[in-house]
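Asks: Contents are compact mmCIF, C-alpha atoms and all ligand atoms; file name upload_18.txt:
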```txt
# COMPACT_ATOMS: atom_id res chain seq x y z
CA MET A 1 0.00 0.00 0.00
CA THR A 2 1.19 3.50 -0.81
CA ASP A 3 0.79 6.15 1.84
CA LEU A 4 -2.02 8.50 0.77
CA ASP A 5 0.04 11.56 1.62
CA ASN A 6 3.13 10.52 -0.26
CA SER A 7 1.43 9.82 -3.54
CA ARG A 8 1.60 13.17 -5.31
CA GLU A 9 4.53 11.98 -7.34
CA TRP A 10 2.57 8.84 -8.25
CA ALA A 11 -0.40 10.97 -9.28
CA SER A 12 1.80 13.17 -11.44
CA GLN A 13 3.24 10.16 -13.29
CA ALA A 14 -0.22 8.64 -13.70
CA TYR A 15 -1.46 11.93 -15.16
CA GLY A 16 1.35 11.95 -17.73
CA ILE A 17 0.61 8.38 -18.80
CA LEU A 18 -3.13 8.97 -19.08
CA LYS A 19 -2.62 12.18 -21.05
CA GLN A 20 -0.34 10.40 -23.52
CA ARG A 21 -2.79 7.51 -23.82
CA GLN A 22 -5.65 9.91 -24.46
CA GLU A 23 -3.73 11.86 -27.12
CA LYS A 24 -2.87 8.62 -28.88
CA GLN A 25 -6.52 7.53 -28.81
CA LEU A 26 -7.55 10.91 -30.18
CA GLN A 27 -5.08 10.65 -33.05
CA GLU A 28 -6.29 7.12 -33.84
CA LYS A 29 -9.89 8.31 -33.77
CA GLN A 30 -9.08 11.21 -36.09
CA LEU A 31 -7.35 8.87 -38.52
CA GLN A 32 -10.31 6.47 -38.44
CA GLU A 33 -12.70 9.36 -38.99
CA GLU A 34 -10.70 10.62 -41.99
CA GLN A 35 -10.65 7.13 -43.48
CA ARG A 36 -14.39 6.77 -42.84
CA GLN A 37 -15.14 10.12 -44.49
CA GLU A 38 -13.03 9.27 -47.49
CA LYS A 39 -14.82 5.93 -47.90
CA GLN A 40 -18.17 7.63 -47.52
CA LEU A 41 -17.25 10.18 -50.17
CA GLN A 42 -16.25 7.45 -52.58
CA GLU A 43 -19.47 5.56 -51.86
CA GLU A 44 -21.55 8.71 -52.38
CA GLN A 45 -19.84 9.42 -55.67
CA ARG A 46 -20.48 5.86 -56.76
CA GLN A 47 -24.16 6.09 -55.78
CA ALA A 48 -24.54 9.48 -57.47
CA GLU A 49 -23.23 7.93 -60.65
CA GLU A 50 -25.74 5.10 -60.39
CA GLN A 51 -28.76 7.24 -59.57
CA LYS A 52 -28.02 10.20 -61.78
CA GLN A 53 -31.61 10.98 -62.71
CA GLU A 54 -33.41 9.33 -59.80
CA PHE A 55 -35.01 11.06 -56.86
CA PRO A 56 -32.79 10.53 -53.79
CA ASP A 57 -34.05 7.96 -51.31
CA THR A 58 -33.57 9.28 -47.78
CA SER A 59 -35.63 6.65 -45.97
CA ASN A 60 -32.58 4.91 -44.50
CA LEU A 61 -31.40 8.11 -42.78
CA LYS A 62 -33.95 7.55 -40.00
CA ASN A 63 -31.93 4.64 -38.73
CA THR A 64 -28.71 6.52 -38.19
CA PRO A 65 -27.78 5.60 -34.63
CA LEU A 66 -27.66 9.13 -33.34
CA SER A 67 -27.83 7.88 -29.77
CA PHE A 68 -24.27 6.65 -29.95
CA LYS A 69 -23.13 10.21 -30.30
CA ASN A 70 -23.93 10.54 -26.61
CA ASP A 71 -21.37 7.92 -25.80
CA ILE A 72 -18.42 10.30 -25.77
CA GLU A 73 -15.34 9.11 -23.96
CA VAL A 74 -14.56 10.93 -20.75
CA GLU A 75 -12.02 13.70 -21.20
CA LEU A 76 -9.05 13.85 -18.90
CA GLY A 77 -9.37 17.09 -16.96
CA GLU A 78 -6.64 19.19 -15.39
CA PHE A 79 -4.02 17.79 -13.06
CA ASP A 80 -5.70 19.36 -10.11
CA ASP A 81 -6.76 18.50 -6.59
CA ASP A 82 -9.51 16.18 -7.88
CA PHE A 83 -7.05 14.25 -9.98
CA THR A 84 -4.46 14.04 -7.22
CA TRP A 85 -6.96 12.80 -4.67
CA SER A 86 -8.47 10.19 -7.05
CA ALA A 87 -5.05 8.95 -8.11
CA MET A 88 -3.98 8.71 -4.46
CA VAL A 89 -7.03 6.62 -3.59
CA LEU A 90 -6.24 4.26 -6.47
CA ALA A 91 -2.57 4.09 -5.46
CA ALA A 92 -3.50 3.31 -1.87
CA GLN A 93 -5.34 0.23 -3.14
CA GLY A 94 -2.15 -1.00 -4.73
CA LYS A 95 -3.11 -0.10 -8.31
CA LYS A 96 -0.19 0.23 -10.69
CA ILE A 97 0.17 3.48 -12.62
CA ASN A 98 -0.44 1.86 -15.99
CA GLN A 99 -3.51 -0.02 -14.72
CA ILE A 100 -5.68 3.00 -14.05
CA SER A 101 -8.13 4.52 -16.50
CA ILE A 102 -9.62 7.94 -17.06
CA ASP A 103 -13.03 6.46 -16.25
CA GLU A 104 -11.84 5.51 -12.77
CA ILE A 105 -10.41 8.96 -12.11
CA ASP A 106 -13.57 10.56 -13.40
CA TRP A 107 -15.77 8.36 -11.23
CA LEU A 108 -13.78 9.00 -8.03
CA THR A 109 -13.87 12.72 -8.71
CA LYS A 110 -17.64 12.51 -9.07
CA LEU A 111 -18.01 10.41 -5.95
CA ARG A 112 -15.97 12.74 -3.81
CA ARG A 113 -17.80 15.78 -5.13
CA GLY A 114 -21.11 13.96 -4.73
CA LEU A 115 -20.43 13.22 -1.10
CA GLU A 116 -19.37 16.79 -0.44
CA GLU A 117 -22.80 17.64 0.91
CA THR A 118 -22.68 14.66 3.26
CA ARG A 119 -19.26 15.63 4.49
CA LYS A 120 -19.99 19.34 4.57
CA GLY A 121 -16.31 20.02 5.05
CA PHE A 122 -16.65 18.72 8.55
CA VAL A 123 -13.52 16.62 8.48
CA SER A 124 -11.35 19.49 7.34
CA GLU A 125 -13.07 21.68 9.90
CA LEU A 126 -12.25 19.14 12.53
CA LEU A 127 -8.64 18.88 11.42
CA ASP A 128 -8.31 22.67 11.23
CA LYS A 129 -9.76 22.95 14.68
CA TYR A 130 -7.66 20.32 16.35
CA GLY A 131 -4.78 19.96 13.90
CA ASP A 132 -2.45 17.37 15.27
CA ASP A 133 -3.65 17.97 18.80
CA PRO A 134 -4.90 14.87 20.52
CA LEU A 135 -8.59 14.14 20.14
CA THR A 136 -10.71 15.11 23.11
CA PRO A 137 -14.12 13.91 24.32
CA GLU A 138 -15.41 17.18 22.87
CA SER A 139 -14.08 16.37 19.38
CA LEU A 140 -15.71 12.96 19.69
CA ASP A 141 -19.01 14.75 20.18
CA ASP A 142 -18.35 16.69 16.97
CA LEU A 143 -17.65 13.47 15.12
CA GLU A 144 -20.78 11.91 16.50
CA THR A 145 -22.79 14.86 15.20
CA LEU A 146 -21.26 14.46 11.74
CA LEU A 147 -22.12 10.79 11.56
CA ILE A 148 -25.69 11.27 12.75
CA ARG A 149 -26.16 14.20 10.40
CA ALA A 150 -24.95 12.07 7.51
CA ASP A 151 -27.61 9.46 8.41
CA VAL A 152 -25.11 6.81 9.36
CA GLY A 153 -27.68 5.65 11.91
CA ILE A 154 -27.61 5.52 15.70
CA ASP A 155 -26.38 1.92 15.97
CA SER A 156 -23.38 2.32 13.71
CA THR A 157 -22.51 5.73 15.10
CA ASP A 158 -22.59 4.41 18.68
CA LYS A 159 -20.42 1.49 17.71
CA VAL A 160 -17.80 3.60 15.98
CA ILE A 161 -17.69 6.35 18.57
CA SER A 162 -17.39 3.93 21.48
CA SER A 163 -14.47 2.13 19.78
CA LEU A 164 -12.80 5.49 19.32
CA ARG A 165 -13.53 6.48 22.93
CA LYS A 166 -12.01 3.22 24.09
CA LYS A 167 -8.90 3.92 22.05
CA LEU A 168 -8.80 7.44 23.47
CA ASN A 169 -8.87 6.10 27.01
CA GLU A 170 -5.91 3.89 26.30
CA GLU A 171 -3.69 6.22 24.30
CA VAL A 172 -3.27 9.68 22.89
CA VAL A 173 -4.90 9.91 19.47
CA ALA A 174 -4.00 12.78 17.13
CA GLY A 175 -6.71 14.28 14.88
CA GLU A 176 -5.55 12.64 11.66
CA GLU A 177 -4.98 9.32 13.34
CA GLY A 178 -8.50 9.52 14.74
CA ILE A 179 -9.94 10.01 11.26
CA LYS A 180 -7.88 7.08 10.00
CA PHE A 181 -9.22 4.90 12.78
CA LEU A 182 -12.74 6.09 12.07
CA LYS A 183 -12.41 5.17 8.40
CA GLU A 184 -11.25 1.67 9.32
CA GLU A 185 -14.18 1.20 11.69
CA LEU A 186 -16.67 2.35 9.07
CA ARG A 187 -15.18 -0.03 6.54
CA VAL A 188 -15.58 -2.94 8.94
CA ILE A 189 -19.31 -2.16 9.25
CA ILE A 190 -19.87 -1.76 5.54
CA ASP A 191 -17.81 -4.81 4.58
CA LYS A 192 -19.50 -7.21 6.98
CA PRO A 193 -22.55 -8.11 4.84
CA ILE A 194 -20.35 -8.21 1.75
CA ARG A 195 -18.02 -10.72 3.41
CA ASN A 196 -20.99 -12.72 4.72
CA SER A 197 -22.40 -13.00 1.20
CA GLY A 198 -19.22 -14.75 0.09
CA THR A 199 -19.01 -12.55 -3.02
CA ASN A 200 -16.90 -9.42 -3.05
CA LEU A 201 -18.05 -8.18 -6.39
CA LEU A 202 -21.39 -8.94 -7.99
CA ILE A 203 -20.83 -10.03 -11.57
CA PRO A 204 -22.91 -12.33 -13.78
CA GLU A 205 -21.87 -15.96 -13.42
CA LYS A 206 -20.72 -17.37 -16.73
CA GLY A 207 -22.40 -20.44 -18.19
CA LYS A 208 -25.87 -19.78 -16.80
CA LEU A 209 -28.61 -17.21 -16.97
CA ASN A 210 -28.31 -14.51 -14.34
CA VAL A 211 -31.49 -12.61 -13.53
CA TRP A 212 -31.22 -9.36 -11.64
CA LEU A 213 -34.47 -7.86 -10.38
CA LEU A 214 -34.42 -4.18 -9.52
CA VAL A 215 -36.97 -3.37 -6.84
CA GLY A 216 -37.74 -0.32 -4.74
CA VAL A 217 -40.31 2.40 -4.15
CA ASN A 218 -41.33 5.06 -6.68
CA GLY A 219 -38.71 7.32 -8.14
CA VAL A 220 -35.63 5.96 -6.36
CA GLY A 221 -33.86 5.39 -9.68
CA LYS A 222 -34.62 1.75 -10.61
CA THR A 223 -34.98 2.33 -14.34
CA THR A 224 -32.00 4.69 -14.56
CA THR A 225 -29.86 2.22 -12.61
CA LEU A 226 -30.97 -0.61 -14.86
CA GLY A 227 -29.96 1.45 -17.89
CA LYS A 228 -26.52 2.06 -16.42
CA LEU A 229 -26.15 -1.63 -15.51
CA ALA A 230 -27.06 -2.65 -19.07
CA TYR A 231 -24.29 -0.39 -20.34
CA LEU A 232 -21.76 -1.68 -17.82
CA SER A 233 -22.53 -5.33 -18.50
CA SER A 234 -22.71 -5.12 -22.29
CA ARG A 235 -19.47 -3.14 -22.30
CA SER A 236 -17.95 -5.93 -20.25
CA ASN A 237 -19.04 -8.42 -22.95
CA TYR A 238 -21.91 -10.08 -21.10
CA LYS A 239 -24.81 -10.85 -23.43
CA THR A 240 -27.51 -8.73 -21.84
CA LEU A 241 -31.28 -8.38 -22.20
CA ILE A 242 -33.81 -6.10 -20.50
CA ALA A 243 -37.32 -7.07 -19.34
CA ALA A 244 -39.69 -4.11 -19.03
CA ALA A 245 -41.79 -5.52 -16.19
CA ASP A 246 -42.96 -2.12 -14.95
CA THR A 247 -46.33 -2.27 -16.68
CA PHE A 248 -47.99 0.22 -14.32
CA ARG A 249 -46.45 3.36 -15.73
CA ALA A 250 -47.19 4.07 -19.39
CA ALA A 251 -43.89 5.81 -20.12
CA ALA A 252 -41.73 3.16 -18.44
CA VAL A 253 -41.19 1.09 -21.59
CA GLU A 254 -40.17 4.12 -23.66
CA GLN A 255 -37.76 5.21 -20.92
CA LEU A 256 -36.16 1.75 -20.94
CA LYS A 257 -35.92 1.64 -24.72
CA VAL A 258 -33.87 4.83 -24.70
CA TRP A 259 -31.45 3.25 -22.19
CA GLY A 260 -31.44 0.01 -24.21
CA GLU A 261 -30.47 1.91 -27.38
CA ARG A 262 -27.66 3.72 -25.61
CA SER A 263 -26.05 0.46 -24.57
CA ASN A 264 -27.16 -1.58 -27.58
CA VAL A 265 -29.23 -3.94 -25.44
CA ASP A 266 -32.68 -5.21 -26.52
CA VAL A 267 -35.77 -4.58 -24.42
CA ILE A 268 -38.54 -7.18 -24.13
CA SER A 269 -41.88 -5.51 -23.42
CA ASN A 270 -45.61 -5.81 -23.77
CA GLN A 271 -47.16 -2.53 -24.80
CA SER A 272 -50.76 -3.47 -23.99
CA LYS A 273 -52.33 -1.63 -21.10
CA ASN A 274 -52.07 -3.35 -17.70
CA ALA A 275 -50.04 -6.23 -19.11
CA ASP A 276 -49.07 -8.81 -16.52
CA PRO A 277 -45.48 -8.10 -15.35
CA ALA A 278 -44.89 -11.82 -14.78
CA ALA A 279 -45.94 -12.49 -18.40
CA VAL A 280 -43.34 -9.98 -19.62
CA VAL A 281 -40.70 -11.80 -17.56
CA PHE A 282 -41.93 -15.10 -19.02
CA ASP A 283 -41.38 -13.79 -22.59
CA ALA A 284 -38.05 -12.23 -21.64
CA ILE A 285 -36.76 -15.53 -20.21
CA ASN A 286 -37.73 -17.30 -23.44
CA SER A 287 -35.80 -14.72 -25.48
CA ALA A 288 -32.85 -14.81 -23.09
CA LYS A 289 -32.64 -18.60 -23.39
CA LYS A 290 -32.92 -18.51 -27.17
CA ARG A 291 -30.19 -15.91 -27.42
CA ASN A 292 -28.00 -17.61 -24.86
CA CYS A 293 -27.87 -14.48 -22.70
CA ASP A 294 -25.68 -14.10 -19.63
CA LEU A 295 -27.74 -11.45 -17.90
CA LEU A 296 -31.43 -10.53 -17.84
CA LEU A 297 -32.14 -7.21 -16.12
CA VAL A 298 -35.72 -6.84 -14.89
CA ASP A 299 -37.22 -3.39 -14.29
CA THR A 300 -40.15 -3.46 -11.88
CA ALA A 301 -42.77 -0.93 -10.88
CA GLY A 302 -42.29 1.35 -7.89
CA ARG A 303 -43.68 -0.76 -5.15
CA LEU A 304 -45.13 0.59 -2.00
CA GLN A 305 -44.44 -1.87 0.76
CA THR A 306 -47.84 -1.08 2.23
CA LYS A 307 -49.58 -2.37 -0.90
CA ASN A 308 -49.46 -6.09 -0.54
CA ASN A 309 -50.66 -6.72 -4.05
CA LEU A 310 -47.47 -5.15 -5.39
CA MET A 311 -45.35 -7.41 -3.19
CA ASP A 312 -47.41 -10.36 -4.47
CA GLU A 313 -46.55 -9.27 -7.98
CA LEU A 314 -42.87 -9.52 -7.15
CA SER A 315 -43.19 -13.03 -5.74
CA LYS A 316 -45.15 -14.04 -8.84
CA ILE A 317 -42.24 -12.85 -10.99
CA LYS A 318 -39.86 -14.87 -8.85
CA LYS A 319 -42.01 -18.00 -9.15
CA ILE A 320 -41.98 -17.72 -12.95
CA ILE A 321 -38.19 -17.46 -12.92
CA ASP A 322 -37.84 -20.46 -10.58
CA LYS A 323 -40.15 -22.52 -12.73
CA LYS A 324 -38.69 -21.63 -16.11
CA VAL A 325 -35.01 -21.45 -15.23
CA PRO A 326 -34.48 -23.26 -11.92
CA ASP A 327 -30.72 -23.06 -12.27
CA ALA A 328 -30.72 -19.31 -12.92
CA LYS A 329 -28.71 -17.12 -10.57
CA VAL A 330 -31.29 -14.68 -9.25
CA GLU A 331 -30.41 -11.43 -7.48
CA SER A 332 -33.07 -9.19 -5.94
CA LEU A 333 -31.49 -5.80 -5.62
CA LEU A 334 -33.16 -3.10 -3.58
CA VAL A 335 -32.62 0.33 -5.07
CA LEU A 336 -32.42 3.09 -2.45
CA ASP A 337 -32.27 6.83 -2.95
CA ALA A 338 -29.55 8.19 -0.62
CA SER A 339 -31.27 11.55 -0.36
CA GLN A 340 -34.16 9.89 1.46
CA GLY A 341 -31.91 9.14 4.43
CA GLN A 342 -33.67 7.39 7.30
CA ASN A 343 -36.79 7.02 5.18
CA GLY A 344 -34.79 4.88 2.79
CA LEU A 345 -33.65 2.81 5.72
CA LYS A 346 -37.26 2.20 6.72
CA GLN A 347 -38.07 1.10 3.17
CA ALA A 348 -35.12 -1.26 3.21
CA LYS A 349 -36.28 -2.82 6.46
CA SER A 350 -39.79 -3.40 5.28
CA PHE A 351 -38.73 -4.72 1.85
CA ALA A 352 -36.25 -7.04 3.52
CA LYS A 353 -39.15 -8.53 5.48
CA SER A 354 -41.41 -9.30 2.52
CA ALA A 355 -39.08 -9.56 -0.46
CA ASP A 356 -36.20 -11.95 -0.44
CA LEU A 357 -33.45 -9.39 -1.04
CA SER A 358 -29.85 -10.24 -1.82
CA GLY A 359 -28.29 -6.80 -2.11
CA ALA A 360 -28.72 -3.05 -2.31
CA ILE A 361 -27.89 -0.33 -4.79
CA ILE A 362 -27.60 3.21 -3.43
CA THR A 363 -28.45 5.97 -5.91
CA LYS A 364 -28.30 9.76 -6.00
CA LEU A 365 -25.20 10.00 -3.84
CA ASP A 366 -24.47 13.16 -5.80
CA GLY A 367 -25.86 16.22 -4.14
CA SER A 368 -27.33 14.32 -1.19
CA SER A 369 -26.37 15.15 2.36
CA ARG A 370 -27.35 11.72 3.58
CA GLY A 371 -24.87 9.40 1.90
CA GLY A 372 -24.13 7.87 5.29
CA VAL A 373 -27.35 5.90 4.99
CA SER A 374 -25.28 3.32 3.10
CA LEU A 375 -23.69 2.42 6.42
CA ALA A 376 -27.04 2.08 8.12
CA VAL A 377 -28.21 -0.26 5.33
CA SER A 378 -25.16 -2.45 5.88
CA ALA A 379 -25.39 -2.41 9.68
CA GLU A 380 -29.12 -2.52 10.28
CA VAL A 381 -30.51 -4.41 7.29
CA ASN A 382 -27.44 -6.53 6.72
CA LEU A 383 -27.54 -6.05 2.95
CA PRO A 384 -24.37 -6.04 0.87
CA ILE A 385 -24.15 -2.87 -1.21
CA ARG A 386 -23.43 -3.94 -4.77
CA PHE A 387 -23.42 -0.75 -6.81
CA ILE A 388 -23.60 2.97 -6.17
CA GLY A 389 -24.89 5.72 -8.44
CA ALA A 390 -23.80 9.33 -8.38
CA GLY A 391 -25.39 11.09 -11.35
CA GLU A 392 -27.85 10.69 -14.18
CA GLY A 393 -25.33 9.79 -16.90
CA ILE A 394 -24.78 6.31 -18.31
CA LYS A 395 -21.37 5.98 -16.66
CA ASP A 396 -22.46 7.27 -13.27
CA LEU A 397 -22.75 3.84 -11.68
CA ARG A 398 -19.97 1.67 -10.35
CA PRO A 399 -19.54 -1.56 -8.44
CA PHE A 400 -19.34 -0.70 -4.77
CA ASN A 401 -15.89 -0.39 -3.28
CA SER A 402 -15.89 0.29 0.46
CA PHE A 403 -12.38 1.74 0.50
CA GLU A 404 -13.22 4.34 -2.13
CA PHE A 405 -16.58 5.09 -0.57
CA VAL A 406 -15.21 5.73 2.91
CA GLU A 407 -12.28 7.77 1.56
CA ALA A 408 -14.74 9.95 -0.36
CA LEU A 409 -17.10 10.19 2.60
CA LEU A 410 -14.38 11.40 4.92
CA ALA A 411 -12.05 13.14 2.47
CA ASP A 412 -10.31 16.03 4.15
CA ARG A 413 -10.37 18.43 1.25
N1 LIG B 1 -28.86 13.08 -9.46
C1 LIG B 1 -29.20 11.82 -9.68
N2 LIG B 1 -30.39 11.53 -10.19
C2 LIG B 1 -30.72 10.25 -10.41
C3 LIG B 1 -29.83 9.17 -10.09
N3 LIG B 1 -30.45 8.01 -10.40
C4 LIG B 1 -31.66 8.35 -10.89
N4 LIG B 1 -31.84 9.68 -10.90
C5 LIG B 1 -33.03 10.46 -11.32
O1 LIG B 1 -34.13 10.12 -10.52
C6 LIG B 1 -35.34 10.22 -11.25
C7 LIG B 1 -36.15 8.95 -11.12
O2 LIG B 1 -35.44 7.91 -11.73
P1 LIG B 1 -36.12 6.58 -12.31
O3 LIG B 1 -35.00 5.72 -12.78
O4 LIG B 1 -37.18 6.90 -13.28
O5 LIG B 1 -36.74 6.00 -10.99
P2 LIG B 1 -37.67 4.70 -10.83
O6 LIG B 1 -37.35 4.10 -9.52
O7 LIG B 1 -37.54 3.83 -12.01
O8 LIG B 1 -39.12 5.38 -10.78
P3 LIG B 1 -40.55 4.64 -10.98
O9 LIG B 1 -40.41 3.75 -12.16
O10 LIG B 1 -41.48 5.77 -11.20
O11 LIG B 1 -40.82 3.92 -9.73
C8 LIG B 1 -34.92 10.53 -12.69
O12 LIG B 1 -35.06 11.90 -12.92
C9 LIG B 1 -33.46 10.12 -12.73
O13 LIG B 1 -32.73 10.84 -13.69
C10 LIG B 1 -28.54 9.52 -9.52
O14 LIG B 1 -27.69 8.68 -9.19
N5 LIG B 1 -28.29 10.84 -9.35
MG MG B 2 -38.93 3.05 -13.31
```
Starting from the coordinates I provided, produce the structure as structure tokens.

Replies:
Amino acid sequence: MTDLDNSREWASQAYGILKQRQEKQLQEKQLQEEQRQEKQLQEEQRQAEEQKQEFPDTSNLKNTPLSFKNDIEVELGEFDDDFTWSAMVLAAQGKKINQISIDEIDWLTKLRRGLEETRKGFVSELLDKYGDDPLTPESLDDLETLLIRADVGIDSTDKVISSLRKKLNEEVVAGEEGIKFLKEELRVIIDKPIRNSGTNLLIPEKGKLNVWLLVGVNGVGKTTTLGKLAYLSSRSNYKTLIAAADTFRAAAVEQLKVWGERSNVDVISNQSKNADPAAVVFDAINSAKKRNCDLLLVDTAGRLQTKNNLMDELSKIKKIIDKKVPDAKVESLLVLDASQGQNGLKQAKSFAKSADLSGAIITKLDGSSRGGVSLAVSAEVNLPIRFIGAGEGIKDLRPFNSFEFVEALLADR
């Protein structure tokens, strides 16, 4: 492991490598574009020759995949504080300079900025206030306030603060050391359900159909998250299919089709009004089997846990999957909106009771002041967090990494 504070040099080298790599890619792209244009010109000239007197047929222009124009590669920004911090976090995880990508830097930058509201500069305030002075019971109170304010939850906060108090009783703890200790304690809490699940990273299992159901109450970001997951999985070469099983909301299918187009993934739907969600899943499984798919992503309607019929709907979907593909690897992922804080935690608890959940996805970590709810979900609902979302763009979702999350949550700048 590289010391976070001694990694500026590392970051500077990484920046140089990434910049070179990006310039090379740009040159290659330009060359490809020139070749493409030249070919197109030749083809147009050939066609013009052939159709001299004919009226031009423009019908095929409709199919130009304009949506791919949105898929612009991330640009490497300035070598600034964001870059340095992101590179340092990657270095601290033992990543080699030539292993890192612009996407990773961009994501970490977004995550740290997204959690800014949660952090509210408190850590730097704390460090400014106490500097390297030993932590006092008073500073512990400040820390406690931060954690509660960030919706970390009473249980986890108590646990962390009492460990720190214990340490304080035994030895002198400087401000920075206290933060380091705090980070470690938070990681232990968040990693526990992940370790218990036996799977560090949720990825589709090869050789069988994986079915991931996205469930959660209205508006938490299920459909958006599914769109981002489709992109992530198809880009990672998993054969992916989408089932539009939210048949309650008229616009849901259209919304999914847009996401499907962006990631080049097909959407199985039934446009008729009040179609049975389980029937859509039935059709989607048939298509997935025929196409030998690795992953079927199922979008479901916003379910209110108080409406039992909606929960019944979910178990009906599960029964269909069990019956049609008994050896499928099924994941029920609860999508939670971080900005809902303790409310989200309540939803998680009640879903966990009625739906057989296997993991959680936390969305809208950008611009929320309650990102700490992720810790409460781990500690109080015992759900492994599998992905986190911090933005509305297609690349704004990443597999969950507790080290990066805690570093961003308690970053001191
Ligand atoms: N800022 C931000 N907005 C998000 C994020 N994820 C989703 N959203 C926005 O949240 C809103 C609701 O997202 P949807 O994906 O439609 O939510 P849903 O859970 O499918 O909603 P229903 O289908 O109505 O239950 C949209 O405006 C999304 O763009 C995120 O990570 N960050
Ligand atoms: Mg939706």

Asks: For ligand LIG 1 (chain B), list the contacting residues at 8 Å or closer, counting all atoms listed in the file, as a ChimeraX atom specification.

Replies: /A:215-226,246,249,252,255,299-303,335,337,362-367,388-392,396-397

Asks: Could you state the separation of CA of Gly175 in chain A and CA of Asp132 in chain A in Å, given to one decimal place?

Replies: 5.3 Å

Asks: Could you list, as a VMD selection string, every residue within 9 Å of range 378-380 of chain A, counting only C-alpha atoms and ignoring same-chain residues fewer than 5 positions away?

Replies: chain A and resid 153 155 to 156 189 to 194 345 349 360 373 385

Asks: Just give me the residues with any atom within 7 Å of (-31.6, -9.6, -9.6), file coordinates, counting only C-alpha atoms, written as a short mmCIF file (atom, residue, chain, number, x, y, z; two decimals) with C-alpha atoms, in the frame of the given file.

Replies:
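Written output follows (result_14.cif):
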```
data_model
loop_
_atom_site.label_atom_id
_atom_site.label_comp_id
_atom_site.auth_asym_id
_atom_site.auth_seq_id
_atom_site.Cartn_x
_atom_site.Cartn_y
_atom_site.Cartn_z
CA VAL A 211 -31.49 -12.61 -13.53
CA TRP A 212 -31.22 -9.36 -11.64
CA LEU A 213 -34.47 -7.86 -10.38
CA LEU A 214 -34.42 -4.18 -9.52
CA LEU A 297 -32.14 -7.21 -16.12
CA VAL A 330 -31.29 -14.68 -9.25
CA GLU A 331 -30.41 -11.43 -7.48
CA SER A 332 -33.07 -9.19 -5.94
CA LEU A 333 -31.49 -5.80 -5.62
#
```

Asks: Go through A:Asp142, A:Glu313, A:Glu171, A:Asp82 one by one, measure the shortest atom-to-atom distance of each to Thr157 in chain A using all atoms listed in the file, and give the residue with the smallest value.

Replies: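 That would be A:Asp142, the residue with the smallest distance to Thr157 in chain A.
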
Asks: Which of these residues is nearest to ligand MG 2 (chain B), using all atoms listed in the file: A:Lys318, A:Trp259, A:Ala284, A:Ala338?

Replies: A:Trp259

Asks: To one decimal place, how far is CA of Glu254 in chain A from atom MG of ligand MG 2 (chain B) in Å?

Replies: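 Atom MG of ligand MG 2 (chain B) lies 10.5 Å from CA of Glu254 in chain A.
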
Asks: Which is closer to ligand MG 2 (chain B) than all the others in A:Lys319, A:Lys39, A:Arg386, A:Lys257, using all atoms listed in the file?

Replies: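 Residue with the minimum atom-to-atom distance to ligand MG 2 (chain B): A:Lys257.
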
Asks: Can you list, as a ChimeraX atom specification, every protein, DNA or RNA residue that comes within 12 Å of Phe181 in chain A when you count all atoms listed in the file, leaving out same-chain residues fewer than 6 positions away?

Replies: /A:135,160-168,173-175,187-188,406-407,410

Asks: Work out how far apart CA of Lys183 in chain A and CA of Asp141 in chain A are and give it in Å to one decimal.

Replies: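 A separation of 16.6 Å between them.
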
Asks: Using all atoms listed in the file, which protein or nucleic acid residues come within 10 Å of range 229-232 of chain A? Drop anything in the same chain fewer than 3 positions from it, and give the result as an MDAnalysis selection string.

Replies: chainID A and resid 223:226 235:242 259:266 295:297 387 394:399

Asks: Looking at all atoms listed in the file, which of A:Gln45, A:Pro134, A:Glu404, A:Thr145 is the one that sits closest to Ile105 in chain A?

Replies: A:Glu404

Asks: Between A:Asp128, A:Lys24, A:Asp81, A:Phe248, which is the closest to ligand MG 2 (chain B) once you count all atoms listed in the file?

Replies: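 Nearest to ligand MG 2 (chain B): A:Phe248.
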
Asks: Just the residues within 12 Å of Lys353 in chain A, please, counting all atoms listed in the file, with nothing from its chain fewer than 4 positions along; format it as a list of chain:residue names.

Replies: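 Once the adjacent positions are removed, what remains is A:Gln305, A:Thr306, A:Met311, A:Lys346, A:Gln347, A:Ala348, A:Lys349, A:Leu357, A:Ser358, A:Val381, A:Asn382.
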
Asks: I need the residue nearest Ile317 in chain A from this list: A:Ala408, A:Leu26, A:Val280, A:Leu383. Use only C-alpha atoms for the distance.

Replies: A:Val280

Asks: Extract, using all atoms listed in the file, all DNA, RNA and protein residues at most 12 Å from Arg8 in chain A, discarding same-chain residues fewer than 5 positions from it, and format them as a list in words.

Replies: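 The residues that qualify are Thr2, Asp3, Gln13, Ala14, Tyr15, Phe79, Asp80, Asp81, Asp82, Phe83, Thr84, Trp85, Ser86, Ala87, Met88, Val89, Leu90, Ala91 and Ala92 of chain A.
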